Amino acid sequence: MYYKNWEVMPVVLTTSECAAVLRVSEDTVLRKIKSGELEATKIMGHWRIAKEHLRKQFNL
């Protein structure tokens, strides 16, 4: 998944979308979530990451 700018990106990302934005593997995103390095919320059994959390953590 590729987003041309920050404004068109969904407010909440899946782990695969987050991985694409950060250009890392989905496993890396899951490791960061489980270690507490990346803030995420589990919704109906699936992790979701708010784009604002990415913006704050990575100064995007």
# chains A, B, ... in the order shown; residues from 1 in each chain; ligands from 1
>>> residues_around(residues="Glu17 in chain A", least_positions_apart="3", cutoff="10 Å", atoms="only C-alpha atoms", output="ChimeraX atom specification")
/A:1-3,9-10,12-14,20-23,26,29,48-49
>>> residues_around(residues="Leu30 in chain A", least_positions_apart="6", cutoff="12 Å", atoms="only C-alpha atoms", output="PyMOL selection string")
chain A and resi 14-16+18-19+24+36-42+46-49
>>> atom_distance(atom1="CA of Phe58 in chain A", atom2="CA of Ile43 in chain A")
23.1 Å
>>> select_by_dssp(residues="chain A", states="helix (DSSP H, G or I)", output="list in words")
Trp6, Glu7, Val8, Thr15, Ser16, Glu17, Cys18, Ala19, Ala20, Val21, Leu22, Glu26, Asp27, Thr28, Val29, Leu30, Arg31, Lys32, Ile33, Lys34, Ser35, Lys51, Glu52, His53, Leu54, Arg55, Lys56, Gln57 and Phe58 of chain A
>>> select_by_dssp(residues="chain A", states="strand (DSSP E)", output="list in words")
Val12, Leu13, Thr14, Thr41, Lys42, Ile43, His46, Trp47, Arg48, Ile49 and Ala50 of chain A
>>> write_last_selection(atoms="C-alpha atoms", output="PDB file, in the first residue's frame")
ATOM      1  CA  VAL A  12      -6.113   4.068  11.718  1.00  0.00           C
ATOM      2  CA  LEU A  13      -3.720   1.660   9.985  1.00  0.00           C
ATOM      3  CA  THR A  14      -3.481  -2.104   9.915  1.00  0.00           C
ATOM      4  CA  THR A  41      -4.835  -1.001  20.018  1.00  0.00           C
ATOM      5  CA  LYS A  42      -6.345  -4.415  19.460  1.00  0.00           C
ATOM      6  CA  ILE A  43      -9.769  -4.172  17.826  1.00  0.00           C
ATOM      7  CA  HIS A  46      -6.514  -7.283  15.109  1.00  0.00           C
ATOM      8  CA  TRP A  47      -3.896  -4.647  15.894  1.00  0.00           C
ATOM      9  CA  ARG A  48      -4.546  -1.101  14.701  1.00  0.00           C
ATOM     10  CA  ILE A  49      -2.120   1.820  14.791  1.00  0.00           C
ATOM     11  CA  ALA A  50      -3.298   5.430  14.788  1.00  0.00           C
TER      12      ALA A  50
END
>>> atom_distance(atom1="CA of Gln57 in chain A", atom2="CA of Thr28 in chain A")
15.4 Å
>>> residues_around(residues="range 5-8 of chain A", least_positions_apart="6", cutoff="12 Å", atoms="only C-alpha atoms", output="mmCIF file with N, CA and C atoms, in the first residue's frame")
data_model
loop_
_atom_site.group_PDB
_atom_site.id
_atom_site.type_symbol
_atom_site.label_atom_id
_atom_site.label_comp_id
_atom_site.auth_asym_id
_atom_site.auth_seq_id
_atom_site.Cartn_x
_atom_site.Cartn_y
_atom_site.Cartn_z
ATOM 1 N N VAL A 21 4.205 1.823 5.259
ATOM 2 C CA VAL A 21 4.567 3.233 5.493
ATOM 3 C C VAL A 21 5.986 3.333 6.034
ATOM 4 N N LYS A 51 -2.482 6.812 12.971
ATOM 5 C CA LYS A 51 -1.426 7.506 12.233
ATOM 6 C C LYS A 51 -0.804 8.608 13.077
ATOM 7 N N GLU A 52 -1.560 9.176 14.011
ATOM 8 C CA GLU A 52 -1.003 10.202 14.897
ATOM 9 C C GLU A 52 0.085 9.623 15.799
ATOM 10 N N LEU A 54 2.165 7.277 14.873
ATOM 11 C CA LEU A 54 3.334 7.213 13.997
ATOM 12 C C LEU A 54 3.958 8.598 13.845
ATOM 13 N N ARG A 55 3.101 9.587 13.663
ATOM 14 C CA ARG A 55 3.577 10.957 13.476
ATOM 15 C C ARG A 55 4.383 11.417 14.689
ATOM 16 N N LEU A 60 6.957 12.377 11.840
ATOM 17 C CA LEU A 60 6.581 12.415 10.425
ATOM 18 C C LEU A 60 5.752 13.643 10.100
#
